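Everything below belongs to input-v1.txt, which stores compact mmCIF, C-alpha atoms.
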```txt
# COMPACT_ATOMS: atom_id res chain seq x y z
CA MET A 273 9.28 3.10 -2.72
CA ARG A 274 9.14 6.83 -3.03
CA SER A 275 10.04 7.29 0.63
CA PHE A 276 12.97 4.84 0.35
CA GLN A 277 14.25 6.74 -2.69
CA LYS A 278 14.02 9.95 -0.68
CA HIS A 279 16.17 8.45 2.07
CA LEU A 280 18.56 6.63 -0.28
CA SER A 281 21.58 8.76 0.68
CA GLU A 282 21.12 7.81 4.34
CA PHE A 283 21.32 4.12 3.41
CA GLU A 284 24.32 4.79 1.17
CA SER A 285 26.14 6.68 3.90
CA ARG A 286 25.78 3.55 6.07
CA GLY A 287 27.09 1.37 3.26
CA VAL A 288 23.73 -0.39 2.93
CA HIS A 289 22.20 -1.26 -0.46
CA LEU A 290 18.50 -1.15 -1.24
CA ALA A 291 17.00 -3.84 -3.46
CA ALA A 292 13.31 -4.07 -4.37
CA ILE A 293 12.00 -7.46 -5.51
CA SER A 294 8.76 -8.26 -7.33
CA VAL A 295 7.35 -10.42 -10.11
CA ASP A 296 7.67 -7.51 -12.57
CA SER A 297 9.94 -8.04 -15.56
CA SER A 298 13.17 -6.02 -15.88
CA GLU A 299 11.48 -3.97 -18.62
CA VAL A 300 8.52 -3.04 -16.43
CA SER A 301 10.88 -2.15 -13.58
CA ALA A 302 13.10 -0.09 -15.87
CA ARG A 303 10.06 1.84 -17.09
CA GLN A 304 8.83 2.37 -13.54
CA CYS A 305 12.29 3.54 -12.39
CA ARG A 306 12.50 6.05 -15.26
CA LYS A 307 9.01 7.33 -14.54
CA MET A 308 9.44 7.64 -10.77
CA GLY A 309 13.14 8.51 -10.66
CA TYR A 310 14.15 5.42 -8.65
CA THR A 311 17.90 4.87 -8.72
CA PHE A 312 18.36 1.80 -6.52
CA THR A 313 18.24 -1.86 -7.57
CA PHE A 314 14.98 -3.46 -8.75
CA LEU A 315 15.15 -7.24 -9.13
CA SER A 316 12.82 -9.27 -11.30
CA ASP A 317 11.62 -12.56 -9.81
CA HIS A 318 9.37 -13.64 -12.63
CA ASP A 319 9.52 -17.32 -11.61
CA ARG A 320 8.51 -16.48 -7.99
CA ASP A 321 11.53 -18.53 -7.01
CA VAL A 322 13.07 -16.13 -4.49
CA ILE A 323 9.64 -14.93 -3.35
CA ARG A 324 8.82 -18.55 -2.48
CA ARG A 325 12.17 -19.13 -0.80
CA TYR A 326 11.48 -16.14 1.47
CA ASP A 327 7.88 -17.35 2.00
CA VAL A 328 6.41 -14.02 0.91
CA LEU A 329 4.18 -15.35 -1.89
CA HIS A 330 0.61 -14.03 -1.93
CA ARG A 331 -1.40 -16.53 -3.95
CA GLY A 332 -3.89 -15.13 -6.45
CA ALA A 333 -3.41 -11.55 -5.30
CA GLY A 334 -2.44 -10.09 -8.69
CA PRO A 335 -4.93 -8.24 -10.89
CA LYS A 336 -5.57 -11.38 -12.98
CA GLY A 337 -5.31 -13.75 -10.05
CA GLU A 338 -1.57 -14.38 -10.45
CA ASP A 339 0.66 -15.14 -7.51
CA ILE A 340 2.65 -12.07 -6.49
CA ALA A 341 4.83 -10.96 -3.60
CA ARG A 342 3.23 -9.63 -0.45
CA PRO A 343 4.88 -6.51 1.00
CA ALA A 344 7.81 -7.53 3.25
CA GLU A 345 11.14 -5.97 4.21
CA PHE A 346 14.36 -7.54 5.51
CA TYR A 347 17.66 -6.06 6.56
CA ILE A 348 20.49 -8.50 5.93
CA ASP A 349 23.92 -7.62 7.32
CA ALA A 350 27.30 -8.00 5.62
CA GLY A 351 27.56 -11.57 6.94
CA GLY A 352 24.26 -12.55 5.28
CA MET A 353 22.42 -12.66 8.61
CA VAL A 354 18.83 -11.38 8.93
CA ARG A 355 18.86 -8.43 11.35
CA TRP A 356 15.39 -6.95 10.85
CA VAL A 357 12.13 -8.32 9.47
CA ASN A 358 8.95 -6.38 8.77
CA LEU A 359 5.88 -8.42 7.79
CA THR A 360 2.89 -6.11 7.60
CA GLU A 361 -0.62 -7.31 8.40
CA ASN A 362 -2.15 -4.67 6.14
CA ILE A 363 -1.16 -4.26 2.50
CA ALA A 364 -1.60 -0.50 2.74
CA VAL A 365 0.82 -0.18 5.68
CA ARG A 366 4.45 -0.56 4.62
CA ALA A 367 7.74 -0.19 6.45
CA ARG A 368 9.07 3.34 6.58
CA PRO A 369 12.72 3.97 5.74
CA GLU A 370 13.21 5.46 9.20
CA GLU A 371 12.35 2.08 10.76
CA ALA A 372 14.88 0.32 8.54
CA LEU A 373 17.55 2.92 9.34
CA ARG A 374 16.92 2.50 13.06
CA ALA A 375 17.25 -1.28 12.69
CA ILE A 376 20.52 -0.84 10.79
CA ASP A 377 21.90 1.51 13.45
CA ALA A 378 20.82 -0.87 16.21
CA SER A 379 22.65 -3.81 14.66
CA GLU A 380 26.03 -2.07 14.20
CA MET B 187 -45.95 26.73 -3.25
CA LYS B 188 -42.78 25.56 -4.94
CA ARG B 189 -40.72 23.36 -2.64
CA GLY B 190 -37.11 24.31 -1.88
CA TRP B 191 -33.99 22.61 -3.11
CA ASN B 192 -32.75 20.17 -0.47
CA TRP B 193 -29.02 20.85 -0.90
CA PRO B 194 -27.68 18.76 2.05
CA ILE B 195 -28.80 15.59 0.28
CA TRP B 196 -26.79 16.43 -2.83
CA ILE B 197 -23.70 17.67 -1.01
CA GLY B 198 -23.86 14.64 1.29
CA PHE B 199 -24.07 12.30 -1.69
CA ILE B 200 -21.14 14.00 -3.44
CA LEU B 201 -19.09 13.66 -0.23
CA ALA B 202 -19.84 9.92 -0.06
CA PHE B 203 -18.41 9.62 -3.59
CA GLY B 204 -15.46 11.78 -2.58
CA GLY B 205 -14.81 9.61 0.48
CA LEU B 206 -14.42 6.57 -1.74
CA PHE B 207 -12.54 8.00 -4.70
CA SER B 208 -10.14 10.22 -2.77
CA TYR B 209 -8.55 7.08 -1.29
CA GLU B 210 -6.13 6.57 -4.19
CA TRP B 211 -4.96 10.13 -3.83
CA LEU B 212 -4.83 10.40 -0.03
CA VAL B 213 -2.91 7.13 0.32
CA GLN B 214 0.17 8.85 -1.16
CA PHE B 215 0.70 11.07 1.86
CA PRO B 216 2.41 9.82 5.03
CA LEU B 217 -0.22 11.54 7.19
CA THR B 218 -3.17 9.74 5.61
CA ARG B 219 -1.47 6.58 4.37
CA ASP B 220 -1.61 4.07 7.18
CA PHE B 221 -5.13 4.74 8.44
CA PRO B 222 -7.78 6.32 6.15
CA TRP B 223 -9.07 8.76 8.78
CA ALA B 224 -9.54 11.55 6.21
CA ASN B 225 -11.78 9.31 4.08
CA LEU B 226 -13.80 8.30 7.12
CA LEU B 227 -14.17 11.96 8.05
CA ILE B 228 -15.46 12.80 4.56
CA PHE B 229 -17.93 9.91 4.80
CA ALA B 230 -19.05 11.09 8.25
CA ILE B 231 -19.71 14.65 7.06
CA GLY B 232 -21.55 13.26 4.03
CA ALA B 233 -23.68 11.02 6.26
CA ALA B 234 -24.53 13.93 8.57
CA LEU B 235 -25.65 16.05 5.60
CA LEU B 236 -27.68 13.20 4.13
CA PHE B 237 -29.39 12.63 7.47
CA PHE B 238 -30.11 16.34 7.79
CA GLY B 239 -31.49 16.48 4.25
CA LEU B 240 -33.69 13.42 4.76
CA PHE B 241 -34.87 14.79 8.08
CA ARG B 242 -36.00 17.96 6.31
CA ALA B 243 -37.56 16.05 3.42
CA PHE B 244 -39.63 13.82 5.68
CA GLY B 245 -40.16 16.40 8.44
CA SER B 246 -41.36 19.29 6.27
CA PRO B 247 -42.34 17.73 2.95
CA GLN B 248 -44.38 20.81 2.09
CA ARG B 249 -41.18 22.92 2.16
CA TYR B 250 -38.44 20.55 0.98
CA ARG B 251 -38.12 18.02 -1.79
CA GLY B 252 -36.23 14.77 -1.61
CA LYS B 253 -38.29 12.06 0.05
CA VAL B 254 -37.81 9.67 -2.86
CA PHE B 255 -34.55 10.67 -4.52
CA GLY B 256 -33.07 11.51 -1.10
CA SER B 257 -33.74 7.96 0.07
CA ILE B 258 -32.25 6.54 -3.11
CA LEU B 259 -29.10 8.69 -2.85
CA ALA B 260 -28.71 7.79 0.82
CA ALA B 261 -28.97 4.09 -0.02
CA VAL B 262 -26.33 4.43 -2.76
CA ALA B 263 -24.08 6.37 -0.36
CA LEU B 264 -24.47 3.59 2.19
CA LEU B 265 -23.44 1.02 -0.43
CA LEU B 266 -20.35 3.09 -1.31
CA PHE B 267 -19.41 3.20 2.37
CA ALA B 268 -19.99 -0.54 2.76
CA PHE B 269 -17.72 -1.22 -0.23
CA PHE B 270 -15.04 1.11 1.17
CA SER B 271 -15.15 -0.56 4.59
CA TYR B 272 -14.98 -4.02 3.06
CA GLU B 273 -11.90 -3.11 1.00
CA ILE B 274 -10.09 -1.23 3.75
CA PHE B 275 -10.92 -3.32 6.80
CA TYR B 276 -11.09 -6.74 5.19
CA VAL B 277 -9.43 -7.11 1.77
CA LEU B 278 -6.28 -5.12 2.62
CA ARG B 279 -5.75 -7.30 5.70
CA GLN B 280 -5.81 -10.60 3.82
CA VAL B 281 -2.04 -10.95 3.90
CA PRO B 282 -0.45 -14.41 4.07
CA LEU B 283 1.19 -15.32 7.38
CA SER B 284 4.66 -15.98 5.92
CA ALA B 285 5.44 -18.26 8.85
CA GLN B 286 8.46 -19.72 7.04
CA ALA B 287 10.02 -16.35 6.18
CA PRO B 288 13.64 -15.94 7.31
CA ARG B 289 13.77 -14.89 10.95
CA LEU B 290 16.05 -12.68 13.00
CA GLY B 291 19.48 -14.22 13.36
CA GLU B 292 18.95 -16.69 10.51
CA LYS B 293 21.05 -16.83 7.38
CA ALA B 294 19.18 -15.18 4.49
CA PRO B 295 18.57 -17.50 1.49
CA GLU B 296 21.01 -16.83 -1.35
CA PHE B 297 19.62 -15.81 -4.77
CA SER B 298 20.54 -14.19 -8.04
CA LEU B 299 18.11 -12.24 -10.20
CA ALA B 300 18.14 -9.79 -13.11
CA ASP B 301 17.96 -6.10 -12.20
CA GLN B 302 16.12 -3.39 -14.15
CA ASN B 303 19.02 -3.17 -16.62
CA GLY B 304 19.00 -6.93 -17.22
CA LYS B 305 22.22 -7.43 -15.25
CA THR B 306 22.35 -10.43 -12.92
CA VAL B 307 22.73 -9.47 -9.27
CA SER B 308 23.19 -11.96 -6.44
CA LEU B 309 22.55 -11.49 -2.73
CA ALA B 310 26.32 -11.81 -2.18
CA ASP B 311 26.89 -8.83 -4.53
CA LEU B 312 24.58 -6.72 -2.40
CA LEU B 313 26.06 -7.57 0.99
CA SER B 314 29.25 -5.54 0.91
CA PRO B 315 30.14 -3.31 2.59
CA ASN B 316 27.32 -3.24 5.14
CA GLY B 317 24.41 -5.36 3.96
CA VAL B 318 21.17 -4.77 2.11
CA VAL B 319 17.54 -3.92 2.76
CA LEU B 320 15.35 -6.22 0.64
CA ILE B 321 11.95 -4.73 -0.15
CA PHE B 322 9.46 -7.25 -1.51
CA TYR B 323 6.57 -5.44 -3.18
CA ARG B 324 3.46 -6.30 -5.14
CA GLY B 325 4.66 -4.81 -8.42
CA TYR B 326 3.21 -2.61 -11.11
CA TRP B 327 2.75 -5.39 -13.68
```
How would this structure read if it were set down as structure tokens?
Amino acid sequence: MRSFQKHLSEFESRGVHLAAISVDSSEVSARQCRKMGYTFTFLSDHDRDVIRRYDVLHRGAGPKGEDIARPAEFYIDAGGMVRWVNLTENIAVRARPEEALRAIDASE
Amino acid sequence: MKRGWNWPIWIGFILAFGGLFSYEWLVQFPLTRDFPWANLLIFAIGAALLFFGLFRAFGSPQRYRGKVFGSILAAVALLLFAFFSYEIFYVLRQVPLSAQAPRLGEKAPEFSLADQNGKTVSLADLLSPNGVVLIFYRGYW
């Protein structure tokens, strides 16, 4: 998240929004954004509804065994079409903003 | 004759601890984030020192201490390393397949959710002018 925040202006200059999605409530996200200085959109999927629809649910992976989202990144173009998908095989290895920016530039 | 302090055993043991507990810190940096090579290096140096210390303790017991506590510390260090390896090379890789996730060229499923300010945002709101990068993450709870 930190690295995406650092590159936020490069996404903005391409007219691309960033939106993070997790099971966290709006309040938890708001607190986290204040603490970390995140200024892009954080969406709260408390019901796991969207997480399920995107098939990125990780069953029992939360600290108390709750279902949470696995790390996953998608670039969706202005027409609502998926242009880039990153599904990591290791929770510690996430997409870098540079990869997303390259994918955006490649799909112009 | 008083037997000498077997320092490599202690330093090696401290390094084994450091190898495990520095993970949270080292994972923040791009250089050490994706593969924990720095932690493995710390463990390796710790193991070399422990071996050296045990070698001295068993090889020249009249000069160096540490046959008993050195063995115990080495066993604990080994357990720490086993736990680290299990977490890093097994637990972190238990990610679901997500075989039904939207694929390239498919239409992304529509949604609307509350943002951090409690305002409802839909996928359609995020698409103009040039699309959106959705970042699903585990959350901070």
- Message: Using all atoms listed in the file, can you tell me which of B:Leu309, B:Ala285, B:Leu290, B:Ala202 comes closest to Val357 (chain A)?
- Response: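 Nearest candidate to Val357 (chain A) out of B:Leu309, B:Ala285, B:Leu290, B:Ala202: B:Leu290.
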Contacts of chain A with chain B up to 8 Å, shortest pair per row, all atoms listed in the file, as JSON lines:
```
{"residue": "A:Arg286", "atom": "CA", "partner": "B:Asn316", "partner_atom": "CA", "distance": 7.0}
{"residue": "A:Gly287", "atom": "CA", "partner": "B:Asn316", "partner_atom": "CA", "distance": 5.0}
{"residue": "A:Val288", "atom": "CA", "partner": "B:Asn316", "partner_atom": "CA", "distance": 5.1}
{"residue": "A:His289", "atom": "CA", "partner": "B:Val318", "partner_atom": "CA", "distance": 4.5}
{"residue": "A:Leu290", "atom": "CA", "partner": "B:Val319", "partner_atom": "CA", "distance": 5.0}
{"residue": "A:Ala291", "atom": "CA", "partner": "B:Leu320", "partner_atom": "CA", "distance": 5.0}
{"residue": "A:Ala292", "atom": "CA", "partner": "B:Ile321", "partner_atom": "CA", "distance": 4.5}
{"residue": "A:Ile293", "atom": "CA", "partner": "B:Phe322", "partner_atom": "CA", "distance": 4.7}
{"residue": "A:Ser294", "atom": "CA", "partner": "B:Gly325", "partner_atom": "CA", "distance": 5.5}
{"residue": "A:Val295", "atom": "CA", "partner": "B:Gly325", "partner_atom": "CA", "distance": 6.4}
{"residue": "A:Asp296", "atom": "CA", "partner": "B:Trp327", "partner_atom": "CA", "distance": 5.5}
{"residue": "A:Ser297", "atom": "CA", "partner": "B:Gln302", "partner_atom": "CA", "distance": 7.9}
{"residue": "A:Ser298", "atom": "CA", "partner": "B:Gln302", "partner_atom": "CA", "distance": 4.3}
{"residue": "A:Glu299", "atom": "CA", "partner": "B:Gln302", "partner_atom": "CA", "distance": 6.5}
{"residue": "A:Val300", "atom": "CA", "partner": "B:Trp327", "partner_atom": "CA", "distance": 6.8}
{"residue": "A:Ser301", "atom": "CA", "partner": "B:Gln302", "partner_atom": "CA", "distance": 5.4}
{"residue": "A:Ala302", "atom": "CA", "partner": "B:Gln302", "partner_atom": "CA", "distance": 4.8}
{"residue": "A:Gln304", "atom": "CA", "partner": "B:Tyr326", "partner_atom": "CA", "distance": 7.9}
{"residue": "A:Thr313", "atom": "CA", "partner": "B:Asp301", "partner_atom": "CA", "distance": 6.3}
{"residue": "A:Phe314", "atom": "CA", "partner": "B:Asp301", "partner_atom": "CA", "distance": 5.3}
{"residue": "A:Leu315", "atom": "CA", "partner": "B:Asp301", "partner_atom": "CA", "distance": 4.3}
{"residue": "A:Ser316", "atom": "CA", "partner": "B:Ala300", "partner_atom": "CA", "distance": 5.6}
{"residue": "A:Asp317", "atom": "CA", "partner": "B:Leu299", "partner_atom": "CA", "distance": 6.5}
{"residue": "A:Val322", "atom": "CA", "partner": "B:Phe297", "partner_atom": "CA", "distance": 6.6}
{"residue": "A:Ile323", "atom": "CA", "partner": "B:Phe322", "partner_atom": "CA", "distance": 7.9}
{"residue": "A:Arg325", "atom": "CA", "partner": "B:Pro295", "partner_atom": "CA", "distance": 7.0}
{"residue": "A:Tyr326", "atom": "CA", "partner": "B:Ala287", "partner_atom": "CA", "distance": 4.9}
{"residue": "A:Asp327", "atom": "CA", "partner": "B:Ala287", "partner_atom": "CA", "distance": 4.8}
{"residue": "A:Val328", "atom": "CA", "partner": "B:Ser284", "partner_atom": "CA", "distance": 5.7}
{"residue": "A:Leu329", "atom": "CA", "partner": "B:Pro282", "partner_atom": "CA", "distance": 7.6}
{"residue": "A:His330", "atom": "CA", "partner": "B:Pro282", "partner_atom": "CA", "distance": 6.1}
{"residue": "A:Gly334", "atom": "CA", "partner": "B:Arg324", "partner_atom": "CA", "distance": 7.9}
{"residue": "A:Ile340", "atom": "CA", "partner": "B:Arg324", "partner_atom": "CA", "distance": 6.0}
{"residue": "A:Ala341", "atom": "CA", "partner": "B:Arg324", "partner_atom": "CA", "distance": 5.1}
{"residue": "A:Arg342", "atom": "CA", "partner": "B:Arg324", "partner_atom": "CA", "distance": 5.8}
{"residue": "A:Pro343", "atom": "CA", "partner": "B:Tyr323", "partner_atom": "CA", "distance": 4.6}
{"residue": "A:Ala344", "atom": "CA", "partner": "B:Phe322", "partner_atom": "CA", "distance": 5.0}
{"residue": "A:Glu345", "atom": "CA", "partner": "B:Ile321", "partner_atom": "CA", "distance": 4.6}
{"residue": "A:Phe346", "atom": "CA", "partner": "B:Leu320", "partner_atom": "CA", "distance": 5.1}
{"residue": "A:Tyr347", "atom": "CA", "partner": "B:Val319", "partner_atom": "CA", "distance": 4.4}
{"residue": "A:Ile348", "atom": "CA", "partner": "B:Val318", "partner_atom": "CA", "distance": 5.4}
{"residue": "A:Asp349", "atom": "CA", "partner": "B:Gly317", "partner_atom": "CA", "distance": 4.1}
{"residue": "A:Ala350", "atom": "CA", "partner": "B:Gly317", "partner_atom": "CA", "distance": 4.3}
{"residue": "A:Gly351", "atom": "CA", "partner": "B:Leu313", "partner_atom": "CA", "distance": 7.3}
{"residue": "A:Gly352", "atom": "CA", "partner": "B:Lys293", "partner_atom": "CA", "distance": 5.7}
{"residue": "A:Met353", "atom": "CA", "partner": "B:Lys293", "partner_atom": "CA", "distance": 4.6}
{"residue": "A:Val354", "atom": "CA", "partner": "B:Leu290", "partner_atom": "CA", "distance": 5.1}
{"residue": "A:Arg355", "atom": "CA", "partner": "B:Leu290", "partner_atom": "CA", "distance": 5.4}
{"residue": "A:Trp356", "atom": "CA", "partner": "B:Leu290", "partner_atom": "CA", "distance": 6.2}
{"residue": "A:Val357", "atom": "CA", "partner": "B:Leu290", "partner_atom": "CA", "distance": 6.8}
{"residue": "A:Leu359", "atom": "CA", "partner": "B:Ser284", "partner_atom": "CA", "distance": 7.9}
{"residue": "A:Thr360", "atom": "CA", "partner": "B:Val281", "partner_atom": "CA", "distance": 7.8}
{"residue": "A:Glu361", "atom": "CA", "partner": "B:Arg279", "partner_atom": "CA", "distance": 5.8}
{"residue": "A:Asn362", "atom": "CA", "partner": "B:Arg279", "partner_atom": "CA", "distance": 4.5}
{"residue": "A:Ile363", "atom": "CA", "partner": "B:Leu278", "partner_atom": "CA", "distance": 5.2}
{"residue": "A:Ala364", "atom": "CA", "partner": "B:Asp220", "partner_atom": "CA", "distance": 6.4}
{"residue": "A:Val365", "atom": "CA", "partner": "B:Asp220", "partner_atom": "CA", "distance": 5.1}
{"residue": "A:Ala372", "atom": "CA", "partner": "B:Val319", "partner_atom": "CA", "distance": 7.6}
```
- Message: So that I can see what lies close to Arg242 (chain B), please list as a PyMOL selection string the residues with an atom at most 10 Å from it, counting all atoms listed in the file and leaving out residues fewer than 4 positions away in the same chain.
- Response: chain B and resi 192+194-195+236-238+246-253
- Calculate how many Å separate CA of Ala367 (chain A) from CA of Asp321 (chain A), rounding to one decimal.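 If I compute the distance from CA of Ala367 (chain A) to CA of Asp321 (chain A), I get 23.1 Å.
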- Message: When you count only C-alpha atoms, which of these residues is closest to Gly309 (chain A): A:Arg274, A:Gly332, A:Arg324, A:Gly337?
- Response: A:Arg274
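You will find CA of Ser257 (chain B) at 18.5 Å from CA of Phe269 (chain B).
Here CA of Phe270 (chain B) stands at a distance of 9.2 Å from CA of Tyr209 (chain B).
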- Mind listing as a ChimeraX atom specification all residues within 12 Å of (-25.6, 6.5, -3.4), counting all atoms listed in the file? /B:195-206,229,232-233,236,255-269
Will you model N, CA and C atoms for region 234-260 of chain B and pass it back as a short mmCIF file (atom, residue, chain, number, x, y, z; two decimals), keeping the file's coordinate frame?
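Generated file (selection-v2.cif):
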```
data_model
loop_
_atom_site.label_atom_id
_atom_site.label_comp_id
_atom_site.auth_asym_id
_atom_site.auth_seq_id
_atom_site.Cartn_x
_atom_site.Cartn_y
_atom_site.Cartn_z
N ALA B 234 -23.81 12.94 7.76
CA ALA B 234 -24.53 13.93 8.57
C ALA B 234 -25.41 14.80 7.68
N LEU B 235 -24.87 15.21 6.52
CA LEU B 235 -25.65 16.05 5.60
C LEU B 235 -26.83 15.29 5.03
N LEU B 236 -26.58 14.01 4.67
CA LEU B 236 -27.68 13.20 4.13
C LEU B 236 -28.80 13.03 5.16
N PHE B 237 -28.40 12.76 6.40
CA PHE B 237 -29.39 12.63 7.47
C PHE B 237 -30.19 13.92 7.63
N PHE B 238 -29.47 15.03 7.64
CA PHE B 238 -30.11 16.34 7.79
C PHE B 238 -31.09 16.58 6.64
N GLY B 239 -30.64 16.29 5.43
CA GLY B 239 -31.49 16.48 4.25
C GLY B 239 -32.73 15.60 4.30
N LEU B 240 -32.55 14.33 4.67
CA LEU B 240 -33.69 13.42 4.76
C LEU B 240 -34.65 13.85 5.86
N PHE B 241 -34.07 14.31 6.96
CA PHE B 241 -34.87 14.79 8.08
C PHE B 241 -35.77 15.93 7.62
N ARG B 242 -35.19 16.84 6.83
CA ARG B 242 -36.00 17.96 6.31
C ARG B 242 -37.05 17.48 5.32
N ALA B 243 -36.64 16.52 4.45
CA ALA B 243 -37.56 16.05 3.42
C ALA B 243 -38.78 15.35 4.03
N PHE B 244 -38.52 14.55 5.07
CA PHE B 244 -39.63 13.82 5.68
C PHE B 244 -40.35 14.66 6.73
N GLY B 245 -39.59 15.58 7.37
CA GLY B 245 -40.16 16.40 8.44
C GLY B 245 -41.03 17.53 7.92
N SER B 246 -40.57 18.20 6.85
CA SER B 246 -41.36 19.29 6.27
C SER B 246 -41.49 19.09 4.77
N PRO B 247 -42.24 18.05 4.38
CA PRO B 247 -42.34 17.73 2.95
C PRO B 247 -43.00 18.84 2.15
N GLN B 248 -43.75 19.72 2.84
CA GLN B 248 -44.38 20.81 2.09
C GLN B 248 -43.35 21.89 1.73
N ARG B 249 -42.20 21.90 2.42
CA ARG B 249 -41.18 22.92 2.16
C ARG B 249 -39.98 22.38 1.39
N TYR B 250 -39.65 21.09 1.61
CA TYR B 250 -38.44 20.55 0.98
C TYR B 250 -38.75 19.31 0.15
N ARG B 251 -38.00 19.21 -0.95
CA ARG B 251 -38.12 18.02 -1.79
C ARG B 251 -37.18 16.93 -1.28
N GLY B 252 -37.27 15.76 -1.86
CA GLY B 252 -36.23 14.77 -1.61
C GLY B 252 -36.63 13.52 -0.86
N LYS B 253 -37.92 13.28 -0.66
CA LYS B 253 -38.29 12.06 0.05
C LYS B 253 -37.86 10.82 -0.74
N VAL B 254 -38.12 10.85 -2.05
CA VAL B 254 -37.81 9.67 -2.86
C VAL B 254 -36.35 9.66 -3.30
N PHE B 255 -35.93 10.72 -4.01
CA PHE B 255 -34.55 10.67 -4.52
C PHE B 255 -33.56 10.76 -3.36
N GLY B 256 -33.95 11.45 -2.27
CA GLY B 256 -33.07 11.51 -1.10
C GLY B 256 -32.84 10.13 -0.51
N SER B 257 -33.88 9.33 -0.45
CA SER B 257 -33.74 7.96 0.07
C SER B 257 -32.86 7.13 -0.84
N ILE B 258 -33.06 7.32 -2.16
CA ILE B 258 -32.25 6.54 -3.11
C ILE B 258 -30.78 6.92 -2.99
N LEU B 259 -30.50 8.24 -2.96
CA LEU B 259 -29.10 8.69 -2.85
C LEU B 259 -28.47 8.22 -1.54
N ALA B 260 -29.24 8.24 -0.47
CA ALA B 260 -28.71 7.79 0.82
C ALA B 260 -28.38 6.31 0.78
#
```
